[in-house]
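Each remark here refers to the structure printed beneath this line.
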Amino acid sequence: MADTLAATALTLKDIAREAGVSLATVDRVLHNRPGVRPDTVRRVKAAIERNAFQPHVAAAELARGRARRFAFVMPSGPNPFMQQIEAYLGEMSAWLSVRRLNVEMVATDVFDPSVLAASLEALSGDYDGVAVVALDHPGVRAAINDLVDAGTKVVTLVSDVPSSRRHHYVGIDNIAAGRTAGALVGRLAGQRSGKVAIVAGSQGLRDHAERIFGFNQVMASEFPGLNVLPVLEGRDQDDRSEQVLARLLGKHADIVGLYNVGAGTQGVAKALSDAGRDEVVFVGHDVTVLTRRLLLQGVMDAAISQNPGHEARAAVRVLLALARGEPILREQEKIRIDIVMRDNLP
């Protein structure tokens, strides 16, 4: 079921009611006209600031006509990074209301192409824009193209489907992120030789596949003494990631490095701990409550961070620009990556 984060737009009457004054008084304050007592001015300005009210924006949006509806198709299940994106969207409610935007969350199994495609198909005709964490699969690609053909603006979020006719991708350069992870694992392993494990959610997710590609590029060219093992898939689930890694650790005593490409981080950390393999270099993604704790404990060596708040805001801004027929500020919407370790935790 979709979860509506923002609905009606704020008006000058709403501000007047909240401040306990007349509409004429609000108008005088906004235009710096005389005749309003200082405490009343402060009360009106406090109501405006508290609600992030922008009267010129509100007027422009009202002139444009009806409210717009955007859907964010997100992975079901406890993925901390995706939950951060959803939380930031929730915090944008005042900003969304001013612009007469409704943003609704649609949770689905993004690892199952038929389920994801069906979820996208169900949105046709109901939304002005859709942001989707997408699996790169022919069925999903067709569903995205059908939405575009029906007039819906489509943005891929975090994971791209470049062969589709989606309008824009919001996310990091995942090949660069994978190369960064490879450099970190190789350098932190020092002079040791041995094997390196990779745990991914799914190689069908474009972001995971690109990260693995970049990782393998660096490992093959710069660290020939490290042998990368076949990729394990944990579907970003803690239990599954723990199980597949535990089996691998039992088979290979000479694993010296580990790259966790997506989520499932708690399961990965537990498998390492249960096996007594604290010496394994462990590099993963994103700064969450869990990864912060693992970094502080020395269980995790480094996290490649992307800003979930920036991604949430960028996806909404891009969809809004597309809906309005306005240009996208590509530099503004570019998502950067950072290397976070215990000593530089934000």
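Chains: A, B, ... in order of the structure tokens. Residues: from 1 per chain. Ligands: from 1, in order shown.
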ask   = Which polymer residues have any atom within 7 Å of an atom of stretch 246-261 of chain A, counting only C-alpha atoms, with same-chain residues fewer than 2 positions away left out, as a PyMOL selection string?
value = chain A and resi 185+189+194-200+208+211+242-244+271+280-285
Using N, CA and C atoms, can you export the residues from the last selection as a PDB file, in the first residue's frame?
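Here's the written file part.pdb:
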ATOM      1  N   VAL A 185      40.499  -2.280  -0.162  1.00  0.00           N
ATOM      2  CA  VAL A 185      40.776  -3.659   0.263  1.00  0.00           C
ATOM      3  C   VAL A 185      42.229  -4.015  -0.028  1.00  0.00           C
ATOM      4  N   ALA A 189      44.993  -4.595   2.944  1.00  0.00           N
ATOM      5  CA  ALA A 189      45.516  -5.958   3.105  1.00  0.00           C
ATOM      6  C   ALA A 189      47.032  -5.963   3.189  1.00  0.00           C
ATOM      7  N   GLY A 194      46.309 -13.844  -0.709  1.00  0.00           N
ATOM      8  CA  GLY A 194      45.207 -14.726  -0.326  1.00  0.00           C
ATOM      9  C   GLY A 194      43.981 -14.433  -1.154  1.00  0.00           C
ATOM     10  N   LYS A 195      42.838 -14.768  -0.604  1.00  0.00           N
ATOM     11  CA  LYS A 195      41.574 -14.646  -1.353  1.00  0.00           C
ATOM     12  C   LYS A 195      40.744 -13.476  -0.827  1.00  0.00           C
ATOM     13  N   VAL A 196      39.874 -12.985  -1.711  1.00  0.00           N
ATOM     14  CA  VAL A 196      38.975 -11.882  -1.376  1.00  0.00           C
ATOM     15  C   VAL A 196      37.548 -12.311  -1.707  1.00  0.00           C
ATOM     16  N   ALA A 197      36.646 -12.136  -0.752  1.00  0.00           N
ATOM     17  CA  ALA A 197      35.241 -12.495  -0.939  1.00  0.00           C
ATOM     18  C   ALA A 197      34.420 -11.269  -1.318  1.00  0.00           C
ATOM     19  N   ILE A 198      33.379 -11.481  -2.114  1.00  0.00           N
ATOM     20  CA  ILE A 198      32.430 -10.422  -2.462  1.00  0.00           C
ATOM     21  C   ILE A 198      31.024 -10.920  -2.129  1.00  0.00           C
ATOM     22  N   VAL A 199      30.282 -10.107  -1.349  1.00  0.00           N
ATOM     23  CA  VAL A 199      28.872 -10.401  -1.070  1.00  0.00           C
ATOM     24  C   VAL A 199      28.043  -9.276  -1.670  1.00  0.00           C
ATOM     25  N   ALA A 200      27.123  -9.616  -2.568  1.00  0.00           N
ATOM     26  CA  ALA A 200      26.256  -8.630  -3.212  1.00  0.00           C
ATOM     27  C   ALA A 200      24.804  -8.959  -2.912  1.00  0.00           C
ATOM     28  N   HIS A 208      24.938  -2.842  -8.156  1.00  0.00           N
ATOM     29  CA  HIS A 208      25.797  -3.892  -7.613  1.00  0.00           C
ATOM     30  C   HIS A 208      26.724  -4.447  -8.692  1.00  0.00           C
ATOM     31  N   ARG A 211      29.491  -1.934  -9.363  1.00  0.00           N
ATOM     32  CA  ARG A 211      30.470  -1.897  -8.269  1.00  0.00           C
ATOM     33  C   ARG A 211      31.412  -3.099  -8.348  1.00  0.00           C
ATOM     34  N   GLU A 242      24.604 -13.781   5.931  1.00  0.00           N
ATOM     35  CA  GLU A 242      25.375 -14.495   6.948  1.00  0.00           C
ATOM     36  C   GLU A 242      25.602 -15.949   6.549  1.00  0.00           C
ATOM     37  N   GLN A 243      24.573 -16.601   6.041  1.00  0.00           N
ATOM     38  CA  GLN A 243      24.671 -18.023   5.696  1.00  0.00           C
ATOM     39  C   GLN A 243      25.652 -18.266   4.553  1.00  0.00           C
ATOM     40  N   VAL A 244      25.536 -17.462   3.484  1.00  0.00           N
ATOM     41  CA  VAL A 244      26.402 -17.717   2.328  1.00  0.00           C
ATOM     42  C   VAL A 244      27.856 -17.401   2.650  1.00  0.00           C
ATOM     43  N   ALA A 271      28.875 -13.273  10.488  1.00  0.00           N
ATOM     44  CA  ALA A 271      29.597 -14.425   9.940  1.00  0.00           C
ATOM     45  C   ALA A 271      31.090 -14.296  10.213  1.00  0.00           C
ATOM     46  N   VAL A 280      40.241 -10.138   8.768  1.00  0.00           N
ATOM     47  CA  VAL A 280      39.809  -9.925   7.383  1.00  0.00           C
ATOM     48  C   VAL A 280      39.488  -8.446   7.165  1.00  0.00           C
ATOM     49  N   VAL A 281      40.057  -7.851   6.127  1.00  0.00           N
ATOM     50  CA  VAL A 281      39.746  -6.460   5.770  1.00  0.00           C
ATOM     51  C   VAL A 281      38.303  -6.416   5.260  1.00  0.00           C
ATOM     52  N   PHE A 282      37.484  -5.564   5.874  1.00  0.00           N
ATOM     53  CA  PHE A 282      36.053  -5.528   5.583  1.00  0.00           C
ATOM     54  C   PHE A 282      35.680  -4.122   5.124  1.00  0.00           C
ATOM     55  N   VAL A 283      35.301  -4.012   3.835  1.00  0.00           N
ATOM     56  CA  VAL A 283      34.880  -2.741   3.252  1.00  0.00           C
ATOM     57  C   VAL A 283      33.447  -2.884   2.756  1.00  0.00           C
ATOM     58  N   GLY A 284      32.625  -1.904   3.072  1.00  0.00           N
ATOM     59  CA  GLY A 284      31.227  -1.935   2.635  1.00  0.00           C
ATOM     60  C   GLY A 284      30.748  -0.562   2.220  1.00  0.00           C
ATOM     61  N   HIS A 285      29.433  -0.379   2.293  1.00  0.00           N
ATOM     62  CA  HIS A 285      28.821   0.859   1.817  1.00  0.00           C
ATOM     63  C   HIS A 285      27.923   1.496   2.867  1.00  0.00           C
TER      64      HIS A 285
END
Within stretch 81-236 of chain A, find each residue whose DSSP state, derived from the backbone, is alpha helix (DSSP H), and express the selection as a CSV table (one decimal) with N, CA, C and O atoms, in the first residue's frame.
chain,number,residue,atom,x,y,z
A,81,PHE,N,19.9,1.8,4.4
A,81,PHE,CA,20.1,3.0,3.6
A,81,PHE,C,18.8,3.4,2.9
A,81,PHE,O,18.5,4.6,2.8
A,82,MET,N,18.0,2.5,2.4
A,82,MET,CA,16.8,2.8,1.8
A,82,MET,C,15.8,3.4,2.8
A,82,MET,O,15.0,4.3,2.5
A,83,GLN,N,15.9,3.0,4.0
A,83,GLN,CA,15.0,3.6,5.1
A,83,GLN,C,15.4,5.0,5.3
A,83,GLN,O,14.6,5.8,5.6
A,84,GLN,N,16.7,5.3,5.2
A,84,GLN,CA,17.2,6.7,5.3
A,84,GLN,C,16.6,7.6,4.2
A,84,GLN,O,16.2,8.7,4.5
A,85,ILE,N,16.6,7.1,3.0
A,85,ILE,CA,16.0,7.8,1.9
A,85,ILE,C,14.5,8.1,2.2
A,85,ILE,O,14.1,9.3,2.1
A,86,GLU,N,13.8,7.1,2.7
A,86,GLU,CA,12.4,7.3,3.0
A,86,GLU,C,12.2,8.3,4.1
A,86,GLU,O,11.3,9.1,4.1
A,87,ALA,N,13.1,8.3,5.1
A,87,ALA,CA,13.0,9.2,6.2
A,87,ALA,C,13.2,10.6,5.7
A,87,ALA,O,12.5,11.6,6.2
A,88,TYR,N,14.2,10.8,4.9
A,88,TYR,CA,14.4,12.2,4.3
A,88,TYR,C,13.2,12.7,3.5
A,88,TYR,O,12.9,13.9,3.6
A,89,LEU,N,12.6,11.8,2.8
A,89,LEU,CA,11.4,12.2,2.0
A,89,LEU,C,10.3,12.7,3.0
A,89,LEU,O,9.6,13.6,2.7
A,90,GLY,N,10.2,12.0,4.1
A,90,GLY,CA,9.2,12.4,5.1
A,90,GLY,C,9.5,13.8,5.7
A,90,GLY,O,8.6,14.5,6.0
A,91,GLU,N,10.8,14.1,5.9
A,91,GLU,CA,11.2,15.4,6.4
A,91,GLU,C,11.0,16.5,5.4
A,91,GLU,O,11.0,17.7,5.8
A,93,SER,N,8.2,17.2,3.9
A,93,SER,CA,6.7,17.3,3.8
A,93,SER,C,6.3,18.8,3.6
A,93,SER,O,5.5,19.1,2.7
A,94,ALA,N,6.9,19.7,4.3
A,94,ALA,CA,6.6,21.2,4.2
A,94,ALA,C,7.0,21.6,2.8
A,94,ALA,O,6.2,22.3,2.1
A,95,TRP,N,8.2,21.3,2.3
A,95,TRP,CA,8.7,21.7,1.0
A,95,TRP,C,7.8,21.1,-0.1
A,95,TRP,O,7.4,21.8,-1.0
A,96,LEU,N,7.3,19.9,0.1
A,96,LEU,CA,6.4,19.2,-0.9
A,96,LEU,C,5.1,19.9,-0.9
A,96,LEU,O,4.5,20.2,-2.0
A,97,SER,N,4.6,20.2,0.3
A,97,SER,CA,3.2,20.8,0.3
A,97,SER,C,3.2,22.2,-0.3
A,97,SER,O,2.2,22.5,-1.0
A,98,VAL,N,4.2,23.0,-0.2
A,98,VAL,CA,4.2,24.3,-0.8
A,98,VAL,C,4.1,24.2,-2.3
A,98,VAL,O,3.5,25.0,-3.0
A,113,PRO,N,12.2,-9.7,-10.7
A,113,PRO,CA,11.8,-8.9,-11.8
A,113,PRO,C,10.3,-8.9,-12.2
A,113,PRO,O,9.8,-7.8,-12.5
A,114,SER,N,9.7,-10.0,-12.0
A,114,SER,CA,8.2,-10.1,-12.3
A,114,SER,C,7.4,-9.3,-11.3
A,114,SER,O,6.5,-8.6,-11.7
A,115,VAL,N,7.8,-9.3,-10.0
A,115,VAL,CA,7.1,-8.6,-9.0
A,115,VAL,C,7.3,-7.1,-9.2
A,115,VAL,O,6.4,-6.3,-9.1
A,116,LEU,N,8.6,-6.7,-9.4
A,116,LEU,CA,8.9,-5.3,-9.7
A,116,LEU,C,8.2,-4.7,-10.9
A,116,LEU,O,7.6,-3.7,-10.9
A,117,ALA,N,8.2,-5.5,-12.0
A,117,ALA,CA,7.5,-5.1,-13.2
A,117,ALA,C,6.0,-4.9,-13.0
A,117,ALA,O,5.4,-3.9,-13.4
A,118,ALA,N,5.4,-5.8,-12.2
A,118,ALA,CA,4.0,-5.7,-11.9
A,118,ALA,C,3.7,-4.5,-11.1
A,118,ALA,O,2.7,-3.8,-11.3
A,119,SER,N,4.6,-4.2,-10.1
A,119,SER,CA,4.4,-3.0,-9.3
A,119,SER,C,4.5,-1.7,-10.1
A,119,SER,O,3.7,-0.8,-9.9
A,120,LEU,N,5.4,-1.7,-11.1
A,120,LEU,CA,5.5,-0.5,-12.0
A,120,LEU,C,4.2,-0.4,-12.9
A,120,LEU,O,3.7,0.7,-13.1
A,121,GLU,N,3.8,-1.5,-13.4
A,121,GLU,CA,2.6,-1.5,-14.3
A,121,GLU,C,1.4,-1.0,-13.6
A,121,GLU,O,0.5,-0.4,-14.2
A,138,PRO,N,14.9,-7.4,-18.6
A,138,PRO,CA,14.0,-7.0,-19.7
A,138,PRO,C,12.6,-6.7,-19.3
A,138,PRO,O,12.0,-5.8,-19.9
A,139,GLY,N,12.0,-7.4,-18.4
A,139,GLY,CA,10.7,-7.2,-17.9
A,139,GLY,C,10.5,-5.8,-17.2
A,139,GLY,O,9.5,-5.1,-17.4
A,140,VAL,N,11.5,-5.5,-16.4
A,140,VAL,CA,11.5,-4.2,-15.7
A,140,VAL,C,11.7,-3.1,-16.7
A,140,VAL,O,11.0,-2.0,-16.7
A,141,ARG,N,12.6,-3.3,-17.7
A,141,ARG,CA,12.8,-2.3,-18.7
A,141,ARG,C,11.5,-2.0,-19.5
A,141,ARG,O,11.2,-0.9,-19.8
A,142,ALA,N,10.8,-3.1,-19.8
A,142,ALA,CA,9.6,-2.9,-20.6
A,142,ALA,C,8.5,-2.2,-19.8
A,142,ALA,O,7.8,-1.3,-20.3
A,143,ALA,N,8.5,-2.4,-18.5
A,143,ALA,CA,7.5,-1.7,-17.6
A,143,ALA,C,7.8,-0.3,-17.5
A,143,ALA,O,6.9,0.6,-17.5
A,144,ILE,N,9.1,0.1,-17.4
A,144,ILE,CA,9.6,1.5,-17.4
A,144,ILE,C,9.2,2.2,-18.7
A,144,ILE,O,8.6,3.3,-18.7
A,145,ASN,N,9.5,1.5,-19.8
A,145,ASN,CA,9.2,2.1,-21.1
A,145,ASN,C,7.7,2.3,-21.3
A,145,ASN,O,7.2,3.3,-21.9
A,146,ASP,N,6.8,1.4,-20.8
A,146,ASP,CA,5.4,1.6,-20.9
A,146,ASP,C,4.9,2.8,-20.1
A,146,ASP,O,4.0,3.5,-20.5
A,147,LEU,N,5.5,3.0,-18.9
A,147,LEU,CA,5.2,4.2,-18.1
A,147,LEU,C,5.6,5.4,-18.9
A,147,LEU,O,4.8,6.4,-18.9
A,148,VAL,N,6.7,5.4,-19.4
A,148,VAL,CA,7.2,6.6,-20.2
A,148,VAL,C,6.2,6.9,-21.4
A,148,VAL,O,5.8,8.0,-21.7
A,149,ASP,N,5.9,5.8,-22.1
A,149,ASP,CA,5.0,6.0,-23.2
A,149,ASP,C,3.6,6.5,-22.8
A,149,ASP,O,2.9,7.2,-23.6
A,174,ASN,N,28.7,4.1,-9.8
A,174,ASN,CA,28.9,2.9,-9.1
A,174,ASN,C,30.2,2.2,-9.5
A,174,ASN,O,30.8,1.5,-8.7
A,175,ILE,N,30.7,2.4,-10.7
A,175,ILE,CA,31.9,1.8,-11.1
A,175,ILE,C,33.1,2.4,-10.3
A,175,ILE,O,34.0,1.8,-9.8
A,176,ALA,N,33.0,3.8,-10.2
A,176,ALA,CA,34.0,4.5,-9.4
A,176,ALA,C,34.0,4.0,-7.9
A,176,ALA,O,35.0,3.9,-7.3
A,177,ALA,N,32.8,3.8,-7.4
A,177,ALA,CA,32.6,3.3,-6.0
A,177,ALA,C,33.3,1.9,-5.9
A,177,ALA,O,34.0,1.7,-4.9
A,178,GLY,N,33.1,1.0,-6.9
A,178,GLY,CA,33.7,-0.3,-6.8
A,178,GLY,C,35.2,-0.2,-6.9
A,178,GLY,O,35.9,-1.0,-6.2
A,179,ARG,N,35.7,0.7,-7.8
A,179,ARG,CA,37.1,0.8,-7.9
A,179,ARG,C,37.7,1.3,-6.5
A,179,ARG,O,38.8,0.9,-6.1
A,180,THR,N,37.0,2.2,-5.9
A,180,THR,CA,37.4,2.8,-4.6
A,180,THR,C,37.5,1.6,-3.6
A,180,THR,O,38.5,1.5,-2.8
A,181,ALA,N,36.5,0.8,-3.6
A,181,ALA,CA,36.5,-0.4,-2.7
A,181,ALA,C,37.6,-1.3,-2.9
A,181,ALA,O,38.3,-1.8,-2.0
A,182,GLY,N,37.9,-1.5,-4.2
A,182,GLY,CA,39.1,-2.4,-4.5
A,182,GLY,C,40.4,-1.8,-4.1
A,182,GLY,O,41.2,-2.5,-3.5
A,183,ALA,N,40.6,-0.5,-4.2
A,183,ALA,CA,41.8,0.1,-3.8
A,183,ALA,C,41.9,0.0,-2.3
A,183,ALA,O,43.0,-0.2,-1.7
A,184,LEU,N,40.8,0.2,-1.6
A,184,LEU,CA,40.8,0.1,-0.1
A,184,LEU,C,41.2,-1.3,0.4
A,184,LEU,O,42.0,-1.5,1.3
A,185,VAL,N,40.5,-2.3,-0.2
A,185,VAL,CA,40.8,-3.7,0.3
A,185,VAL,C,42.2,-4.0,0.0
A,185,VAL,O,42.9,-4.6,0.8
A,186,GLY,N,42.7,-3.7,-1.2
A,186,GLY,CA,44.1,-4.1,-1.6
A,186,GLY,C,45.1,-3.4,-0.8
A,186,GLY,O,46.1,-4.0,-0.3
A,187,ARG,N,44.9,-2.1,-0.5
A,187,ARG,CA,45.9,-1.4,0.3
A,187,ARG,C,45.9,-1.8,1.8
A,187,ARG,O,46.9,-1.9,2.4
A,188,LEU,N,44.7,-2.0,2.3
A,188,LEU,CA,44.6,-2.3,3.7
A,188,LEU,C,45.0,-3.7,4.0
A,188,LEU,O,45.5,-4.1,5.1
A,206,ARG,N,21.8,-3.1,-11.2
A,206,ARG,CA,22.9,-2.5,-12.0
A,206,ARG,C,23.9,-1.8,-11.1
A,206,ARG,O,25.1,-1.9,-11.4
A,207,ASP,N,23.5,-1.2,-10.0
A,207,ASP,CA,24.5,-0.6,-9.1
A,207,ASP,C,25.5,-1.7,-8.5
A,207,ASP,O,26.7,-1.4,-8.4
A,208,HIS,N,24.9,-2.8,-8.2
A,208,HIS,CA,25.8,-3.9,-7.6
A,208,HIS,C,26.7,-4.4,-8.7
A,208,HIS,O,27.9,-4.7,-8.5
A,209,ALA,N,26.2,-4.7,-9.9
A,209,ALA,CA,27.0,-5.2,-11.0
A,209,ALA,C,28.1,-4.2,-11.3
A,209,ALA,O,29.3,-4.7,-11.6
A,210,GLU,N,27.8,-2.9,-11.4
A,210,GLU,CA,28.9,-2.0,-11.7
A,210,GLU,C,29.9,-1.9,-10.6
A,210,GLU,O,31.1,-1.7,-10.9
A,211,ARG,N,29.5,-1.9,-9.4
A,211,ARG,CA,30.5,-1.9,-8.3
A,211,ARG,C,31.4,-3.1,-8.3
A,211,ARG,O,32.6,-3.0,-8.2
A,212,ILE,N,30.9,-4.3,-8.6
A,212,ILE,CA,31.7,-5.5,-8.7
A,212,ILE,C,32.7,-5.3,-9.9
A,212,ILE,O,33.8,-5.7,-9.8
A,213,PHE,N,32.2,-4.8,-11.0
A,213,PHE,CA,33.0,-4.6,-12.2
A,213,PHE,C,34.2,-3.7,-11.9
A,213,PHE,O,35.4,-4.0,-12.2
A,214,GLY,N,33.9,-2.5,-11.2
A,214,GLY,CA,35.0,-1.6,-10.8
A,214,GLY,C,36.0,-2.2,-9.8
A,214,GLY,O,37.2,-2.1,-9.9
A,215,PHE,N,35.4,-3.0,-8.9
A,215,PHE,CA,36.3,-3.7,-7.9
A,215,PHE,C,37.2,-4.7,-8.6
A,215,PHE,O,38.4,-4.6,-8.3
A,216,ASN,N,36.7,-5.5,-9.4
A,216,ASN,CA,37.5,-6.5,-10.1
A,216,ASN,C,38.6,-5.8,-11.0
A,216,ASN,O,39.7,-6.4,-11.2
A,217,GLN,N,38.2,-4.7,-11.6
A,217,GLN,CA,39.2,-4.0,-12.4
A,217,GLN,C,40.5,-3.7,-11.6
A,217,GLN,O,41.6,-3.9,-12.1
A,218,VAL,N,40.3,-3.1,-10.5
A,218,VAL,CA,41.4,-2.6,-9.6
A,218,VAL,C,42.1,-3.8,-9.1
A,218,VAL,O,43.4,-3.9,-9.0
A,219,MET,N,41.4,-4.8,-8.6
A,219,MET,CA,42.1,-6.0,-8.0
A,219,MET,C,43.0,-6.7,-9.0
A,219,MET,O,44.1,-7.1,-8.7
A,220,ALA,N,42.5,-6.8,-10.3
A,220,ALA,CA,43.2,-7.5,-11.3
A,220,ALA,C,44.4,-6.7,-11.8
A,220,ALA,O,45.5,-7.3,-12.0
A,221,SER,N,44.3,-5.4,-11.8
A,221,SER,CA,45.4,-4.6,-12.4
A,221,SER,C,46.4,-4.2,-11.3
A,221,SER,O,47.6,-4.0,-11.6
A,222,GLU,N,46.0,-4.1,-10.1
A,222,GLU,CA,46.9,-3.5,-9.0
A,222,GLU,C,47.3,-4.5,-7.9
A,222,GLU,O,48.3,-4.2,-7.2
Option closest in space to A:Leu322, from A:Val130, A:Gly225, A:Gly35, A:Ile337 [counting only C-alpha atoms] = A:Val130
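Pairwise distance (atom CA of A:Arg28, atom CA of A:Arg99) equals 23.0 Å.
In terms of minimum interatomic distance to A:Ala47, A:Gly20 ranks closest within A:Gly20, A:Gly171, A:Gly190, A:Pro34, counting only C-alpha atoms.
Closest approach to A:Ser202 among A:Val106, A:Ala134, A:Val154, A:Leu295: A:Ala134, based on only C-alpha atoms.
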task = Pick out the closest residue to A:Ala315 from this set: A:His168, A:Arg69, A:Arg50, A:Arg277. Count only C-alpha atoms.
result = A:His168
task = Could you give me the residues within stretch 87-204 of chain A that DSSP places in strand (DSSP E), as a ChimeraX atom specification?
result = /A:101-108,129-132,153-157,168-170,194-200
remark   = Closest of A:Ile172, A:Val44, A:Ala269, A:Val26 to A:Gly298, counting only C-alpha atoms, is A:Ala269
